[in-house]
Structures are given as C-alpha cells and as structure tokens.
file run_23.tsv (TSV, C-alpha atoms)
chain	number	residue	atom	x	y	z
U	1	MET	CA	44.44	-25.94	-42.70
U	2	ARG	CA	44.05	-28.96	-40.42
U	3	LEU	CA	43.66	-32.25	-42.30
U	4	VAL	CA	40.55	-34.25	-41.41
U	5	GLY	CA	40.81	-38.03	-41.71
U	6	PRO	CA	38.53	-40.20	-43.83
U	7	ASP	CA	36.63	-41.02	-40.63
U	8	GLY	CA	35.95	-37.30	-39.98
U	9	LYS	CA	38.38	-36.96	-37.06
U	10	GLN	CA	41.09	-34.31	-36.84
U	11	THR	CA	44.64	-35.48	-37.54
U	12	ASP	CA	47.98	-33.99	-36.52
U	13	ARG	CA	48.64	-33.03	-40.15
U	14	GLU	CA	48.23	-29.64	-41.78
U	15	TYR	CA	48.24	-28.66	-45.44
U	16	ARG	CA	48.35	-25.67	-47.75
U	17	THR	CA	47.93	-25.43	-51.50
U	18	THR	CA	49.42	-23.22	-54.16
U	19	VAL	CA	49.23	-23.09	-57.93
U	20	HIS	CA	52.49	-23.42	-59.82
U	21	CYS	CA	53.37	-23.07	-63.49
U	22	MET	CA	56.60	-23.90	-65.25
U	23	GLU	CA	57.67	-22.78	-68.68
U	24	LYS	CA	55.70	-24.50	-71.50
U	25	THR	CA	53.42	-26.44	-69.11
U	26	GLU	CA	49.92	-26.16	-67.80
U	27	ALA	CA	49.46	-24.79	-64.29
U	28	PHE	CA	49.15	-27.41	-61.58
U	29	THR	CA	48.41	-27.47	-57.87
U	30	ILE	CA	51.05	-28.23	-55.27
U	31	ILE	CA	49.79	-29.47	-51.92
U	32	ILE	CA	52.27	-29.11	-49.06
U	33	GLU	CA	51.54	-31.38	-46.12
U	34	ARG	CA	53.29	-31.16	-42.75
U	35	TRP	CA	53.12	-32.99	-39.45
U	36	PRO	CA	55.12	-32.88	-36.19
U	37	ASN	CA	58.46	-34.65	-36.43
U	38	PRO	CA	58.31	-37.57	-33.98
U	39	ARG	CA	62.11	-37.38	-33.41
U	40	PRO	CA	63.41	-33.86	-33.98
U	41	ASP	CA	67.12	-33.25	-33.51
U	42	LEU	CA	69.70	-30.63	-34.34
U	43	PHE	CA	69.50	-31.12	-38.12
U	44	ASP	CA	65.86	-32.05	-38.55
U	45	GLY	CA	63.23	-29.45	-37.89
U	46	ALA	CA	60.15	-29.66	-35.76
U	47	TYR	CA	58.06	-30.78	-38.77
U	48	CYS	CA	58.17	-33.35	-41.56
U	49	TYR	CA	57.03	-32.14	-44.99
U	50	HIS	CA	55.60	-33.83	-48.05
U	51	ALA	CA	54.62	-32.30	-51.39
U	52	ILE	CA	52.02	-33.56	-53.84
U	53	ALA	CA	51.76	-32.14	-57.37
U	54	THR	CA	48.39	-32.66	-59.04
U	55	ASN	CA	46.27	-31.47	-61.91
U	56	ASP	CA	43.09	-32.88	-60.33
U	57	TYR	CA	40.74	-29.94	-59.97
U	58	GLU	CA	37.64	-32.08	-59.50
U	59	ARG	CA	38.17	-33.42	-55.98
U	60	GLU	CA	38.68	-31.64	-52.70
U	61	THR	CA	42.25	-31.26	-51.45
U	62	LYS	CA	41.75	-33.62	-48.50
U	63	ASP	CA	40.44	-36.33	-50.84
U	64	ILE	CA	43.49	-35.94	-53.08
U	65	ILE	CA	45.79	-36.24	-50.05
U	66	TRP	CA	44.10	-39.42	-48.79
U	67	PHE	CA	44.09	-40.92	-52.28
U	68	HIS	CA	47.79	-40.16	-52.67
U	69	ASN	CA	48.69	-41.47	-49.22
U	70	GLY	CA	46.66	-44.63	-49.86
U	71	ARG	CA	48.94	-45.50	-52.75
U	72	GLY	CA	51.69	-46.42	-50.30
U	73	ASN	CA	50.98	-50.12	-50.76
U	74	ALA	CA	51.06	-49.98	-54.54
U	75	GLU	CA	54.49	-51.53	-54.66
U	76	ASN	CA	54.03	-53.93	-51.79
U	77	ASN	CA	54.51	-57.14	-53.76
U	78	LYS	CA	55.03	-59.43	-50.76
U	79	GLU	CA	51.71	-61.18	-51.47
U	80	LEU	CA	52.61	-61.70	-55.10
U	81	LYS	CA	56.03	-63.10	-54.26
U	82	SER	CA	55.15	-65.40	-51.38
U	83	SER	CA	51.59	-66.50	-52.14
U	84	PHE	CA	51.80	-66.90	-55.91
U	85	GLY	CA	55.41	-68.06	-56.27
U	86	MET	CA	56.59	-64.96	-58.10
U	87	GLY	CA	59.73	-64.66	-55.97
U	88	TYR	CA	61.76	-66.43	-58.63
U	89	PHE	CA	61.56	-67.07	-62.35
U	90	PRO	CA	61.70	-70.73	-63.40
U	91	CYS	CA	63.26	-70.38	-66.85
U	92	GLN	CA	66.23	-68.81	-68.53
U	93	SER	CA	64.03	-67.57	-71.36
U	94	LEU	CA	62.85	-63.99	-70.98
U	95	ARG	CA	59.59	-64.69	-72.82
U	96	ALA	CA	58.77	-67.73	-70.70
U	97	ASN	CA	59.45	-65.73	-67.54
U	98	ALA	CA	57.23	-62.91	-68.83
U	99	VAL	CA	54.39	-65.40	-69.32
U	100	TRP	CA	55.04	-66.82	-65.83
U	101	LEU	CA	54.86	-63.35	-64.29
U	102	GLY	CA	51.78	-62.41	-66.31
U	103	LEU	CA	49.91	-65.51	-65.12
U	104	GLY	CA	50.93	-64.84	-61.52
U	105	VAL	CA	49.73	-61.24	-61.69
U	106	LEU	CA	46.48	-62.36	-63.32
U	107	ALA	CA	45.88	-64.94	-60.56
U	108	HIS	CA	46.63	-62.31	-57.92
U	109	ASN	CA	44.25	-59.79	-59.49
U	110	LEU	CA	41.48	-62.39	-59.78
U	111	ALA	CA	41.89	-63.28	-56.10
U	112	VAL	CA	41.67	-59.59	-55.18
U	113	VAL	CA	38.51	-59.20	-57.28
U	114	VAL	CA	36.92	-62.20	-55.59
U	115	LYS	CA	37.84	-60.87	-52.15
U	116	ARG	CA	36.52	-57.37	-52.86
U	117	LEU	CA	33.48	-57.96	-55.05
U	118	LEU	CA	32.19	-61.35	-53.97
U	119	LEU	CA	33.19	-61.61	-50.33
U	120	GLY	CA	33.64	-58.04	-49.06
U	121	GLY	CA	33.82	-57.22	-45.37
U	122	ASP	CA	36.88	-58.41	-43.50
U	123	TRP	CA	37.80	-60.76	-46.38
U	124	VAL	CA	39.26	-57.78	-48.25
U	125	THR	CA	42.17	-57.42	-45.82
U	126	LYS	CA	42.96	-61.13	-45.50
U	127	THR	CA	46.08	-62.46	-47.13
U	128	ILE	CA	45.89	-64.91	-50.00
U	129	ALA	CA	47.18	-67.69	-47.73
U	130	THR	CA	44.35	-67.05	-45.26
U	131	PHE	CA	41.91	-66.81	-48.15
U	132	ARG	CA	43.02	-70.26	-49.33
U	133	TRP	CA	42.87	-71.86	-45.89
U	134	GLN	CA	39.49	-70.42	-44.97
U	135	LEU	CA	37.69	-70.68	-48.31
U	136	VAL	CA	39.40	-72.73	-50.99
U	137	PHE	CA	40.39	-75.63	-48.72
U	138	ILE	CA	36.88	-76.13	-47.30
U	139	ALA	CA	36.32	-79.86	-47.12
U	140	GLY	CA	33.18	-81.00	-48.87
U	141	LYS	CA	31.61	-84.00	-50.50
U	142	VAL	CA	29.54	-84.09	-53.68
U	143	VAL	CA	26.62	-86.48	-53.25
U	144	PRO	CA	23.79	-87.43	-55.60
U	145	HIS	CA	20.35	-86.50	-54.28
U	146	GLY	CA	17.45	-87.39	-56.50
U	147	GLN	CA	18.21	-86.00	-59.95
U	148	GLU	CA	20.70	-83.42	-58.59
U	149	LEU	CA	24.19	-83.22	-57.19
U	150	TRP	CA	24.55	-81.63	-53.75
U	151	LEU	CA	27.63	-80.35	-51.97
U	152	GLN	CA	27.83	-81.36	-48.33
U	153	VAL	CA	29.91	-79.08	-46.10
U	154	ARG	CA	30.01	-78.38	-42.39
U	155	THR	CA	27.16	-76.25	-41.08
U	156	CYS	CA	29.50	-73.40	-40.14
U	157	TYR	CA	30.20	-72.77	-43.86
U	158	HIS	CA	26.55	-72.54	-44.97
U	159	GLU	CA	26.23	-68.76	-44.45
U	160	LEU	CA	29.49	-68.00	-46.27
U	161	LEU	CA	28.69	-70.23	-49.23
U	162	LYS	CA	25.14	-68.85	-49.44
U	163	LEU	CA	26.57	-65.28	-49.49
U	164	ILE	CA	28.95	-66.22	-52.32
U	165	HIS	CA	26.16	-67.99	-54.22
U	166	ASP	CA	23.83	-64.98	-53.94
U	167	ARG	CA	26.51	-62.52	-55.06
U	168	LEU	CA	27.48	-64.73	-57.99
U	169	ARG	CA	23.83	-64.82	-59.07
U	170	LEU	CA	23.80	-61.00	-59.05
U	171	VAL	CA	27.02	-60.79	-61.07
U	172	PHE	CA	25.91	-63.28	-63.71
U	173	ALA	CA	22.22	-62.34	-63.78
U	174	PRO	CA	20.92	-61.58	-67.28
U	175	THR	CA	20.39	-57.90	-67.91

call {"tool": "encode", "arguments": {"input": "run_23.tsv", "output": "structure tokens"}}
result
Amino acid sequence: MRLVGPDGKQTDREYRTTVHCMEKTEAFTIIIERWPNPRPDLFDGAYCYHAIATNDYERETKDIIWFHNGRGNAENNKELKSSFGMGYFPCQSLRANAVWLGLGVLAHNLAVVVKRLLLGGDWVTKTIATFRWQLVFIAGKVVPHGQELWLQVRTCYHELLKLIHDRLRLVFAPT
C-alpha cells in the first residue's frame, strides 16, 4: 500500500503488514516499509527497507509509521548539551554529576513545555538560544504607577506578552 503523509499527500514509500508470533510470546504486527534507494549500486537493491514491530492494535498502520518515524529526534541531545551546559560534568562525584544532569534535563523539559503550551506556533521549533534571545532577554523597566507596578517594554513585544499573560491565566485559572 502507498503511504500517505500526515499532510494527506502521497509519498514515495510503500508498506505491508503481517502478524508474527514467536514461541511463548503474544502475536505482534510487523510493518515492512520500503522506498526507492536514492543511490542503488551492485550490492544494494533498488529499495531501502525498514521494519517496525508493534503490538498497537488501536491506531491505523500509517499513524504507527509516522509516530515511529517521528521518534528520530529522541536522542538528539544537541540542545541539552550546548544550551544547558550538559556537555560536561563539573564534579568527580557521580552523585553530584547525577544531580547536575537531572537539573539540566528538568530545565530543558520546562523550556519545552513553555514553548509548546504557552507560546505555540513557530516558537515550538525555535532553539533554546533563540528562545532566550527573543523572549527572556527582553529589556524592560518596572515602574510604579499609582498603587501598582507596571512593566514597560517596547511596543513590538506587547502582543507576545499579552498572549503569554492570557495563556498563563488559563493554565492557573481556578477550576
């Protein structure tokens, strides 16, 4: 069967499924995916193949394939290493380094949550460095106004800060 992309367009990939069972295990589905080999030669065939084993019987096959293929960035820790200083461990103590790594991963996950849940849109794909430069390092001045404190920022940031304020009110609204 021809694989349809998440956007509904045909891709150059094809797939087939089969059910497989090994001794003393539950049956599971194997999805075989193939696509034209961009550089075939004497030893490589005309197609590239990939197999996915799954016990997910709830979702459609194409959804399982796109979910599986989307996991390709799961081990891309470039952001964690460069943006949060996790490229080295500062101590010789294993426990201290474990705490250091745990705090770095927590900070990274919190930044991802803020980008996805509070900001959305094209903020989701921005790097942490860009996130810092375009949001965290916004210059502002706290000024007293009557009985309140006001934050003065450039006019170009008003829409963004209003969006964040409104979404924070939704998140922390009493239920």

call {"tool": "closest_residue", "arguments": {"input": "run_23.tsv", "among": "U:Ser83, U:Thr18, U:Gln147, U:Asn37", "to": "Val105 (chain U)", "atoms": "only C-alpha atoms"}}
result
U:Ser83

call {"tool": "residues_around", "arguments": {"input": "run_23.tsv", "residues": "Arg132 (chain U)", "least_positions_apart": "6", "cutoff": "10 Å", "atoms": "all atoms listed in the file", "output": "ChimeraX atom specification"}}
result
/U:83,111,126,138

call {"tool": "closest_residue", "arguments": {"input": "run_23.tsv", "among": "U:Ile64, U:Arg59, U:Gly140, U:Arg169", "to": "Thr155 (chain U)", "atoms": "all atoms listed in the file"}}
result
U:Gly140

call {"tool": "residues_around", "arguments": {"input": "run_23.tsv", "residues": "Lys81 (chain U)", "least_positions_apart": "5", "cutoff": "12 Å", "atoms": "only C-alpha atoms", "output": "PyMOL selection string"}}
result
chain U and resi 75-76+86-89+101+104-105+108+128-129

call {"tool": "closest_residue", "arguments": {"input": "run_23.tsv", "among": "U:Lys62, U:His20, U:His158, U:Arg167", "to": "Gly8 (chain U)", "atoms": "only C-alpha atoms"}}
result
U:Lys62

call {"tool": "residues_near_point", "arguments": {"input": "run_23.tsv", "point": "(29.1, -59.1, -56.6)", "cutoff": "12 Å", "atoms": "all atoms listed in the file", "output": "VMD selection string"}}
result
chain U and resid 113 to 120 163 to 173

call {"tool": "write_last_selection", "arguments": {"input": "run_23.tsv", "atoms": "C-alpha atoms", "output": "mmCIF file, in the coordinates of the input"}}
result
data_model
loop_
_atom_site.group_PDB
_atom_site.id
_atom_site.type_symbol
_atom_site.label_atom_id
_atom_site.label_comp_id
_atom_site.auth_asym_id
_atom_site.auth_seq_id
_atom_site.Cartn_x
_atom_site.Cartn_y
_atom_site.Cartn_z
ATOM 1 C CA VAL U 113 38.510 -59.200 -57.280
ATOM 2 C CA VAL U 114 36.920 -62.200 -55.590
ATOM 3 C CA LYS U 115 37.840 -60.870 -52.150
ATOM 4 C CA ARG U 116 36.520 -57.370 -52.860
ATOM 5 C CA LEU U 117 33.480 -57.960 -55.050
ATOM 6 C CA LEU U 118 32.190 -61.350 -53.970
ATOM 7 C CA LEU U 119 33.190 -61.610 -50.330
ATOM 8 C CA GLY U 120 33.640 -58.040 -49.060
ATOM 9 C CA LEU U 163 26.570 -65.280 -49.490
ATOM 10 C CA ILE U 164 28.950 -66.220 -52.320
ATOM 11 C CA HIS U 165 26.160 -67.990 -54.220
ATOM 12 C CA ASP U 166 23.830 -64.980 -53.940
ATOM 13 C CA ARG U 167 26.510 -62.520 -55.060
ATOM 14 C CA LEU U 168 27.480 -64.730 -57.990
ATOM 15 C CA ARG U 169 23.830 -64.820 -59.070
ATOM 16 C CA LEU U 170 23.800 -61.000 -59.050
ATOM 17 C CA VAL U 171 27.020 -60.790 -61.070
ATOM 18 C CA PHE U 172 25.910 -63.280 -63.710
ATOM 19 C CA ALA U 173 22.220 -62.340 -63.780
#

call {"tool": "atom_distance", "arguments": {"input": "run_23.tsv", "atom1": "CA of Gly5 (chain U)", "atom2": "CA of Pro40 (chain U)"}}
result
24.2 Å

call {"tool": "atom_distance", "arguments": {"input": "run_23.tsv", "atom1": "CA of Cys48 (chain U)", "atom2": "CA of Glu33 (chain U)"}}
result
8.3 Å

call {"tool": "atom_distance", "arguments": {"input": "run_23.tsv", "atom1": "CA of Ala27 (chain U)", "atom2": "CA of Arg13 (chain U)"}}
result
25.5 Å

call {"tool": "closest_residue", "arguments": {"input": "run_23.tsv", "among": "U:Leu80, U:Val19, U:Ala53, U:Ala96", "to": "Thr127 (chain U)", "atoms": "all atoms listed in the file"}}
result
U:Leu80
